[in-house]
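Report on the following structure.
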Amino acid sequence: MLQVQLPDGSVKDYSKPVRVFDVANDIGPRLAKAALAGVVDGKVVGVDTPLPAEGKVELKLLTKKDAEALGVMRHSCAHIMARAVMRLFPDVQLAFGPTTVDGFYYDFAMSHKLSEEDFPKIEAEMAKIIKQDEAFERIVEPRDRALEVVGDIKQQFKVEHIQTGLGDHPTVSFYRQGEFIDLCRGPHIPTAGAIGAFKLMSVAGAYWKGDAANQQLQRLYGTAWFSKEDLDAYLQKMEESKRRDHRVLGKQLDLFSINPLVGGGLILWHPRGAIIRGELEQFVKTELQKRGYEPVYTPNIGKVDLYKISGHYPYYADAQFPTIKMKDHPESLAKAKAGGQPDEEEYLLKPMNCPHHIMIYKSRPRSYRDLPVRLAEFGTVYRFEQSGELNGMTRVRGFTQDDAHLFCTEDQVADEFRGCLEMTQFILETLGLTDYRVRLSFRDPKSDKYVGKPEVWDRAERELEQVCRSMNLPHMSIAPGEAAFYGPKADFIVADCIGREWQLGTVQLDYNLPSEQRFGLEYTGADNQAHRPIMIHRAPLGSMERFIGVLIEHFAGAFPLWLAPEQVRIMTVSEKFNDYGRQVERQLREAGLRVTGDFRAEKIGAKVRDAQIRLVPYMLVVGGREMEEGTVSIRDRIEGDVGALPIAGAIAKFQEEIRTKRIRQVAKPMAPAAASGAAEANEY
RNA sequence: GCUGCUGUAGCUCAGUCGGUAGAGUGCGUCCUUGGUAAGGACGAGGUCAUGGGUUCGAAUCCCAUCAGCAGCUCCA
């Protein structure tokens, strides 16, 4: 006897064996026809899945209206794409074909090199398959029989996967549709016809099982929806996202550029971009001062020996610019020529600020009364990122961290850590960046790559978790094994306009650098004994480059007044009023506002349009009326014409908005973050 | 770094079969003097990414390099 409980609370009893489909059919033939999958006790299954003979289950039937059904359908669409590709090209080896946040992909090994020119052909073949509306048939086989099946169809990746990845599965499942059979956990939709609209998106390389040492495969990306309207809406959203891309806006709004002659991944901040950065830096500096940080400055290079002690060199040698060798300097060459010893010193472009700050800590003996010491610097560092990684401002080779290093006692760690998190939160929220998640990275207890005693780690991880939980951080997750080798950390992660996630702020504990093997940091305790301080690395913004890149997309280029490079633009109705316009401009500039004047011989409509496109927050229209009354007509970028104010009144209005860092407009929420776990969801 | 794609005016892009280069926009000058998202005319602006090769002839075909884009891998 089986009891099936439905979402409306009703219960159906069965004494004979039933499948999900049978229950749907009992409820009604229309539902049976519309049902694409079911959720049995929280697990998504196909409609042909038999329910247990005994006990009680909860069942929800999924139709086109349910979000979970979309994933099932997309997975089926991935199969159909693979089937089409196999029909069109010889020697296709299938790897994995899971769903993603917005669609699906399938990895292939094949001799033909796929390109976008192949897409129409593949899409046409897929459309043909979908039109035939064939069923997906689930077949379960014992392992040895399954190996025969994949051997027979000469699918080597599948053979390997059954042997290694599925080593502990006594049986494995296949799905057959017509001539196409694929090793697959499922579930699938009943028949192909439910796929309303699909589109192939791109082709790219990917490694077998995600390991760069393995064979490289061709990955074909696609998206699928239940209706053409949904697909069109999605494609339109993607187009809008592209327009918000910080690389596009950076060029349009003249914020920054990258010049090959200067070097890839090296940002040139144009005047307008530099204003945004300068305002942000000032904001952070004010917060640092309030929170007891002390600003310092350190050089952009340091001797290699410094980084040998810190451990950054040669451990990260491949991610650093090569060293500067002084023996190549003319003076040294001359010395060597004269028979002297060449200069053997080597310098490194600084990859991290911490060693320099440590040398400031070490510049004199420290007492427990001095702690915590908080040294802050907007420090520029250089790292040689792989060429394929460079990406606008979000992944660069030279960047400035809003860095600080805290040296404290073990008893102070929790409070200091909390303080760092609070400052980060405060900064993000002031900027309206509320759509972030926090990832707490702990060690992998099975690995031995970590420095420091396990007891110390345990205590630190416990304390950090406690601190974070007490703060109610949004979307907090714990990532075991993601900690740095020197300590656990908390990262603030924000998604860009196309859903790619970027780590911005970070707070990290460090047991390594203060240790005897590294810099041997000390302070004198109340007991007059030497003690070892604990270090915290923290950067609320992360780097100015990446942060502003994400911020450009967050605001879609329409910055709040306090950050806007050009805050106010004066525009005259005709050249007759240019003198008055210049007078207004001068007054606003003297009041500290960033103002420009548009005194061209253009019509007011054209001037307004140009300022709107430039995303200038306020336009001041001046003509005969304003000149007579000593006023300005304010046009708000968002609201349009909002009437006239005396000049002093307008200035006060703008200054107040700047002082409160008011945010009046934020671009629509970013695309949902690409769930990194998506690929594993449908492992085979 | 790997796979694929792309590189033409400041910007966005067109350029057919291999026959010495085009639009829109922006920029400059002039006309126009106007009231909240595009007034008009004229003009300047190109080593077709770079270097080789094939060819009577290359923006176009081939090779290499550089840069960008998408994805993968990496990220102290």
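FYI, nothing fancy with the structure tokens labels: chains A, B, ... in order, residues from 1 per chain, ligands from 1 as they appear.
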
Can you list, as a PyMOL selection string, every protein, DNA or RNA residue that comes within 6 Å of Leu440 (chain A) when you count only C-alpha atoms (C1' of nucleotides), leaving out same-chain residues fewer than 4 positions away? chain A and resi 478-479+489-490

Would you save the residues from that selection as a PDB file, in the first residue's frame, using all heavy atoms?
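File written: result24.pdb
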```pdb
ATOM      1  N   ILE A 478      30.052  28.163   3.305  1.00  0.00           N
ATOM      2  CA  ILE A 478      31.358  27.728   3.791  1.00  0.00           C
ATOM      3  C   ILE A 478      31.962  26.824   2.741  1.00  0.00           C
ATOM      4  O   ILE A 478      31.308  25.909   2.236  1.00  0.00           O
ATOM      5  CB  ILE A 478      31.213  27.002   5.135  1.00  0.00           C
ATOM      6  CG1 ILE A 478      30.789  28.017   6.198  1.00  0.00           C
ATOM      7  CG2 ILE A 478      32.527  26.327   5.521  1.00  0.00           C
ATOM      8  CD1 ILE A 478      30.546  27.430   7.556  1.00  0.00           C
ATOM      9  N   ALA A 479      33.184  27.154   2.344  1.00  0.00           N
ATOM     10  CA  ALA A 479      33.860  26.389   1.297  1.00  0.00           C
ATOM     11  C   ALA A 479      35.062  25.677   1.899  1.00  0.00           C
ATOM     12  O   ALA A 479      36.115  26.280   2.070  1.00  0.00           O
ATOM     13  CB  ALA A 479      34.283  27.319   0.170  1.00  0.00           C
ATOM     14  N   LYS A 489      39.735  32.448   5.396  1.00  0.00           N
ATOM     15  CA  LYS A 489      39.400  33.790   4.907  1.00  0.00           C
ATOM     16  C   LYS A 489      37.915  33.916   4.626  1.00  0.00           C
ATOM     17  O   LYS A 489      37.202  32.915   4.527  1.00  0.00           O
ATOM     18  CB  LYS A 489      40.195  34.094   3.632  1.00  0.00           C
ATOM     19  CG  LYS A 489      39.950  33.090   2.512  1.00  0.00           C
ATOM     20  CD  LYS A 489      40.690  33.496   1.252  1.00  0.00           C
ATOM     21  CE  LYS A 489      40.438  32.504   0.126  1.00  0.00           C
ATOM     22  NZ  LYS A 489      40.949  32.922  -1.170  1.00  0.00           N
ATOM     23  N   ALA A 490      37.476  35.153   4.499  1.00  0.00           N
ATOM     24  CA  ALA A 490      36.100  35.443   4.078  1.00  0.00           C
ATOM     25  C   ALA A 490      36.184  36.339   2.857  1.00  0.00           C
ATOM     26  O   ALA A 490      36.858  37.362   2.887  1.00  0.00           O
ATOM     27  CB  ALA A 490      35.338  36.146   5.201  1.00  0.00           C
TER      28      ALA A 490
END
```

So that I can see what lies close to region 38-45 of chain B, please list as JSON, numbers by chain the residues with an atom at most 8 Å from it, counting only C-alpha atoms (C1' of nucleotides) and leaving out residues fewer than 5 positions away in the same chain. {"A": [603, 605, 606, 609], "B": [9, 28, 29, 30, 31, 32]}

Written selection (N, CA, C and O atoms (P, O5', C5', C4', C3', O3' and C1' of nucleotides)) as a PDB file, in the first residue's frame:
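out20.pdb, freshly written:
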```
ATOM      1  N   LYS A 603      20.919  73.471 -30.885  1.00  0.00           N
ATOM      2  CA  LYS A 603      19.620  73.639 -30.254  1.00  0.00           C
ATOM      3  C   LYS A 603      19.622  72.916 -28.907  1.00  0.00           C
ATOM      4  O   LYS A 603      20.390  71.983 -28.695  1.00  0.00           O
ATOM      5  N   GLY A 605      17.626  70.864 -27.589  1.00  0.00           N
ATOM      6  CA  GLY A 605      17.320  69.430 -27.666  1.00  0.00           C
ATOM      7  C   GLY A 605      18.568  68.602 -27.891  1.00  0.00           C
ATOM      8  O   GLY A 605      18.763  67.561 -27.269  1.00  0.00           O
ATOM      9  N   ALA A 606      19.429  69.093 -28.755  1.00  0.00           N
ATOM     10  CA  ALA A 606      20.663  68.362 -29.055  1.00  0.00           C
ATOM     11  C   ALA A 606      21.583  68.362 -27.852  1.00  0.00           C
ATOM     12  O   ALA A 606      22.226  67.343 -27.543  1.00  0.00           O
ATOM     13  N   ARG A 609      20.240  65.937 -25.302  1.00  0.00           N
ATOM     14  CA  ARG A 609      20.472  64.561 -25.729  1.00  0.00           C
ATOM     15  C   ARG A 609      21.923  64.145 -25.457  1.00  0.00           C
ATOM     16  O   ARG A 609      22.180  63.060 -24.943  1.00  0.00           O
TER      17      ARG A 609
ATOM     18  P     A B   9      39.588  51.597 -38.652  1.00  0.00           P
ATOM     19  O5'   A B   9      39.521  52.964 -39.440  1.00  0.00           O
ATOM     20  C5'   A B   9      40.706  53.736 -39.592  1.00  0.00           C
ATOM     21  C4'   A B   9      40.390  55.205 -39.456  1.00  0.00           C
ATOM     22  C3'   A B   9      39.589  55.572 -38.202  1.00  0.00           C
ATOM     23  O3'   A B   9      40.029  56.842 -37.724  1.00  0.00           O
ATOM     24  C1'   A B   9      38.407  56.272 -40.100  1.00  0.00           C
ATOM     25  P     G B  28      35.202  70.174 -32.701  1.00  0.00           P
ATOM     26  O5'   G B  28      35.797  70.780 -34.046  1.00  0.00           O
ATOM     27  C5'   G B  28      37.182  71.031 -34.178  1.00  0.00           C
ATOM     28  C4'   G B  28      37.482  71.553 -35.559  1.00  0.00           C
ATOM     29  C3'   G B  28      36.621  72.726 -36.002  1.00  0.00           C
ATOM     30  O3'   G B  28      37.122  73.949 -35.520  1.00  0.00           O
ATOM     31  C1'   G B  28      36.667  71.099 -37.710  1.00  0.00           C
ATOM     32  P     U B  29      36.132  75.165 -35.256  1.00  0.00           P
ATOM     33  O5'   U B  29      35.775  75.658 -36.728  1.00  0.00           O
ATOM     34  C5'   U B  29      36.751  76.316 -37.534  1.00  0.00           C
ATOM     35  C4'   U B  29      36.175  76.590 -38.901  1.00  0.00           C
ATOM     36  C3'   U B  29      34.865  77.367 -38.925  1.00  0.00           C
ATOM     37  O3'   U B  29      35.063  78.762 -38.798  1.00  0.00           O
ATOM     38  C1'   U B  29      34.688  75.495 -40.361  1.00  0.00           C
ATOM     39  P     C B  30      33.950  79.670 -38.087  1.00  0.00           P
ATOM     40  O5'   C B  30      32.784  79.695 -39.168  1.00  0.00           O
ATOM     41  C5'   C B  30      32.955  80.419 -40.395  1.00  0.00           C
ATOM     42  C4'   C B  30      31.863  80.057 -41.371  1.00  0.00           C
ATOM     43  C3'   C B  30      30.437  80.386 -40.926  1.00  0.00           C
ATOM     44  O3'   C B  30      30.111  81.748 -41.129  1.00  0.00           O
ATOM     45  C1'   C B  30      30.489  78.199 -41.834  1.00  0.00           C
ATOM     46  P     C B  31      29.005  82.462 -40.181  1.00  0.00           P
ATOM     47  O5'   C B  31      27.647  81.814 -40.716  1.00  0.00           O
ATOM     48  C5'   C B  31      27.133  82.152 -42.000  1.00  0.00           C
ATOM     49  C4'   C B  31      25.924  81.308 -42.321  1.00  0.00           C
ATOM     50  C3'   C B  31      24.749  81.435 -41.348  1.00  0.00           C
ATOM     51  O3'   C B  31      23.951  82.584 -41.616  1.00  0.00           O
ATOM     52  C1'   C B  31      25.146  79.156 -41.814  1.00  0.00           C
ATOM     53  P     U B  32      23.250  83.328 -40.366  1.00  0.00           P
ATOM     54  O5'   U B  32      22.304  82.220 -39.711  1.00  0.00           O
ATOM     55  C5'   U B  32      21.074  81.846 -40.336  1.00  0.00           C
ATOM     56  C4'   U B  32      20.439  80.707 -39.574  1.00  0.00           C
ATOM     57  C3'   U B  32      20.093  81.008 -38.113  1.00  0.00           C
ATOM     58  O3'   U B  32      18.865  81.691 -37.993  1.00  0.00           O
ATOM     59  C1'   U B  32      21.222  78.923 -38.257  1.00  0.00           C
TER      60        U B  32
END
```

Can you list, as number ranges by chain, every residue of region 419-483 of chain A that DSSP puts in strand (DSSP E or B)? A: 436-442, 477-480

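Residue nearest chain B within the list A:Thr298, A:Gln289, A:Thr323, A:Thr572: A:Thr572 [criterion: smallest interatomic distance, only C-alpha atoms (C1' of nucleotides)].
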
Rows by chain and residue number, chain A within 8 Å of chain B, shortest pair, only C-alpha atoms (C1' of nucleotides), as CSV:
```
residue,atom,partner,partner_atom,distance
A:Leu114,CA,B:G4,C1',7.9
A:Ser115,CA,B:G4,C1',7.0
A:Ser202,CA,B:A70,C1',7.3
A:Val203,CA,B:G4,C1',6.6
A:Ala204,CA,B:G71,C1',4.7
A:Gly205,CA,B:U3,C1',4.2
A:Ala206,CA,B:C72,C1',4.2
A:Tyr207,CA,B:C72,C1',6.1
A:Gly210,CA,B:C72,C1',7.4
A:Asp211,CA,B:U73,C1',6.9
A:Ala212,CA,B:U73,C1',5.3
A:Gln216,CA,B:U3,C1',7.1
A:Leu217,CA,B:U3,C1',7.7
A:Gln218,CA,B:U3,C1',7.2
A:Arg219,CA,B:G71,C1',8.0
A:Pro260,CA,B:A67,C1',6.8
A:His312,CA,B:A76,C1',6.7
A:Tyr316,CA,B:A76,C1',7.3
A:Met352,CA,B:A76,C1',7.7
A:Glu385,CA,B:C75,C1',7.7
A:Gln386,CA,B:G1,C1',6.3
A:Ser387,CA,B:G1,C1',7.4
A:Gly388,CA,B:G1,C1',7.3
A:Ala484,CA,B:A76,C1',7.8
A:Val573,CA,B:G35,C1',6.4
A:Ser574,CA,B:U33,C1',5.4
A:Glu575,CA,B:U33,C1',6.6
A:Lys576,CA,B:U33,C1',7.6
A:Ala601,CA,B:U33,C1',7.5
A:Lys603,CA,B:G34,C1',5.4
A:Ile604,CA,B:U36,C1',6.7
A:Gly605,CA,B:U36,C1',6.1
A:Ala606,CA,B:A38,C1',5.7
A:Val608,CA,B:A37,C1',6.2
A:Arg609,CA,B:A37,C1',4.0
A:Asp610,CA,B:A37,C1',7.7
A:Gln612,CA,B:A37,C1',7.1
A:Val621,CA,B:U36,C1',7.7
A:Gly623,CA,B:G35,C1',7.6
A:Arg635,CA,B:U36,C1',7.3
A:Gly640,CA,B:U36,C1',7.6
A:Asp641,CA,B:U36,C1',6.6
```

Write down as an MDAnalysis selection string the residues of region 262-340 of chain A whose backbone DSSP state falls under alpha helix (DSSP H). chainID A and resid 271:290 304:310 330:337

Please produce an output containing C-alpha atoms for each residue in the selection, written as an mmCIF file, in the first residue's frame.
```cif
data_model
loop_
_atom_site.group_PDB
_atom_site.id
_atom_site.type_symbol
_atom_site.label_atom_id
_atom_site.label_comp_id
_atom_site.auth_asym_id
_atom_site.auth_seq_id
_atom_site.Cartn_x
_atom_site.Cartn_y
_atom_site.Cartn_z
ATOM 1 C CA PRO A 271 40.551 61.847 -16.254
ATOM 2 C CA ARG A 272 36.912 60.829 -15.888
ATOM 3 C CA GLY A 273 37.800 57.377 -14.552
ATOM 4 C CA ALA A 274 40.394 58.863 -12.245
ATOM 5 C CA ILE A 275 37.710 61.035 -10.636
ATOM 6 C CA ILE A 276 35.630 57.984 -9.727
ATOM 7 C CA ARG A 277 38.668 56.240 -8.328
ATOM 8 C CA GLY A 278 39.772 59.334 -6.439
ATOM 9 C CA GLU A 279 36.352 59.771 -4.819
ATOM 10 C CA LEU A 280 36.254 56.122 -3.797
ATOM 11 C CA GLU A 281 39.741 56.293 -2.354
ATOM 12 C CA GLN A 282 38.847 59.368 -0.373
ATOM 13 C CA PHE A 283 35.743 57.638 0.940
ATOM 14 C CA VAL A 284 37.764 54.616 2.045
ATOM 15 C CA LYS A 285 40.484 56.804 3.591
ATOM 16 C CA THR A 286 37.891 58.582 5.687
ATOM 17 C CA GLU A 287 36.550 55.251 6.912
ATOM 18 C CA LEU A 288 40.069 53.994 7.680
ATOM 19 C CA GLN A 289 40.781 57.060 9.750
ATOM 20 C CA LYS A 290 37.563 56.526 11.731
ATOM 21 C CA VAL A 304 63.801 39.235 -4.287
ATOM 22 C CA ASP A 305 65.153 38.162 -0.887
ATOM 23 C CA LEU A 306 62.191 39.836 0.797
ATOM 24 C CA TYR A 307 59.801 37.638 -1.173
ATOM 25 C CA LYS A 308 61.953 34.593 -0.623
ATOM 26 C CA ILE A 309 61.414 35.097 3.105
ATOM 27 C CA SER A 310 57.694 35.740 2.614
ATOM 28 C CA PRO A 330 75.623 49.536 -17.046
ATOM 29 C CA GLU A 331 77.320 50.364 -13.765
ATOM 30 C CA SER A 332 77.513 46.711 -12.833
ATOM 31 C CA LEU A 333 78.630 45.732 -16.321
ATOM 32 C CA ALA A 334 81.403 48.319 -16.127
ATOM 33 C CA LYS A 335 82.437 47.053 -12.724
ATOM 34 C CA ALA A 336 82.625 43.488 -14.048
ATOM 35 C CA LYS A 337 84.596 44.629 -17.078
#
```

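Minimum distance to Val413 (chain A) across A:Asn472, A:Gln425, A:Gln508, A:Ser447 (counting only C-alpha atoms) occurs at A:Gln508.
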
Between A:His169, A:His405, A:Arg395, A:His246, smallest distance to Ile534 (chain A) by only C-alpha atoms belongs to A:His405

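Coordinates place CA of Thr400 (chain A) at a distance of 22.1 Å from CA of Gly432 (chain A).
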
Residues near region 52-64 of chain B, anyone? I mean within 10 Å using only C-alpha atoms (C1' of nucleotides), not counting same-chain ones fewer than 5 positions away, as a list of chain:residue names.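 My list of contacting residues is B:U8, B:G15, B:G18, B:G19, B:U20, B:A21.
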
Nearest to Ile548 (chain A), chosen from A:Val44, A:Leu94, A:Leu431, A:Ala414, with only C-alpha atoms counted in the distances: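 Using only C-alpha atoms, Ile548 (chain A) sits closest to A:Leu431.
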
Counting only C-alpha atoms, the option among A:Tyr14, A:Phe96, A:Phe180, A:Phe226 closest to Leu36 (chain A):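 Of the candidates, the smallest distance to Leu36 (chain A) is held by A:Phe226.
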
If we count only C-alpha atoms (C1' of nucleotides), what is near Gly649 (chain A) at a cut-off of 10 Å, once residues fewer than 5 positions away on the same chain are taken out, given as a PyMOL selection string? chain A and resi 631-632+644+654-655

Save the residues we just selected, all heavy atoms, as a PDB file, in the first residue's frame?
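This is the output file result-v9.pdb:
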```pdb
ATOM      1  N   THR A 631      18.132  82.526 -11.949  1.00  0.00           N
ATOM      2  CA  THR A 631      17.873  81.121 -11.596  1.00  0.00           C
ATOM      3  C   THR A 631      18.487  80.189 -12.626  1.00  0.00           C
ATOM      4  O   THR A 631      19.101  80.625 -13.596  1.00  0.00           O
ATOM      5  CB  THR A 631      16.361  80.843 -11.549  1.00  0.00           C
ATOM      6  OG1 THR A 631      15.825  81.128 -12.849  1.00  0.00           O
ATOM      7  CG2 THR A 631      15.666  81.718 -10.512  1.00  0.00           C
ATOM      8  N   VAL A 632      18.302  78.898 -12.376  1.00  0.00           N
ATOM      9  CA  VAL A 632      18.649  77.876 -13.371  1.00  0.00           C
ATOM     10  C   VAL A 632      17.490  76.889 -13.446  1.00  0.00           C
ATOM     11  O   VAL A 632      16.867  76.592 -12.429  1.00  0.00           O
ATOM     12  CB  VAL A 632      19.946  77.121 -12.988  1.00  0.00           C
ATOM     13  CG1 VAL A 632      21.161  78.013 -13.157  1.00  0.00           C
ATOM     14  CG2 VAL A 632      19.879  76.577 -11.561  1.00  0.00           C
ATOM     15  N   ALA A 644      12.689  75.436 -11.910  1.00  0.00           N
ATOM     16  CA  ALA A 644      13.816  76.347 -11.699  1.00  0.00           C
ATOM     17  C   ALA A 644      14.092  76.581 -10.217  1.00  0.00           C
ATOM     18  O   ALA A 644      13.194  76.481  -9.384  1.00  0.00           O
ATOM     19  CB  ALA A 644      13.539  77.673 -12.376  1.00  0.00           C
ATOM     20  N   PHE A 654      22.571  70.122  -4.734  1.00  0.00           N
ATOM     21  CA  PHE A 654      23.599  69.180  -5.207  1.00  0.00           C
ATOM     22  C   PHE A 654      24.543  68.790  -4.079  1.00  0.00           C
ATOM     23  O   PHE A 654      24.906  67.622  -3.927  1.00  0.00           O
ATOM     24  CB  PHE A 654      24.395  69.790  -6.368  1.00  0.00           C
ATOM     25  CG  PHE A 654      23.545  70.172  -7.547  1.00  0.00           C
ATOM     26  CD1 PHE A 654      23.866  71.256  -8.339  1.00  0.00           C
ATOM     27  CD2 PHE A 654      22.410  69.423  -7.864  1.00  0.00           C
ATOM     28  CE1 PHE A 654      23.084  71.601  -9.431  1.00  0.00           C
ATOM     29  CE2 PHE A 654      21.607  69.769  -8.947  1.00  0.00           C
ATOM     30  CZ  PHE A 654      21.948  70.858  -9.731  1.00  0.00           C
ATOM     31  N   GLN A 655      24.942  69.781  -3.290  1.00  0.00           N
ATOM     32  CA  GLN A 655      25.893  69.492  -2.210  1.00  0.00           C
ATOM     33  C   GLN A 655      25.299  68.529  -1.195  1.00  0.00           C
ATOM     34  O   GLN A 655      25.998  67.646  -0.691  1.00  0.00           O
ATOM     35  CB  GLN A 655      26.324  70.799  -1.529  1.00  0.00           C
ATOM     36  CG  GLN A 655      27.344  71.542  -2.375  1.00  0.00           C
ATOM     37  CD  GLN A 655      27.719  72.894  -1.786  1.00  0.00           C
ATOM     38  OE1 GLN A 655      26.937  73.480  -1.045  1.00  0.00           O
ATOM     39  NE2 GLN A 655      28.897  73.377  -2.126  1.00  0.00           N
TER      40      GLN A 655
END
```
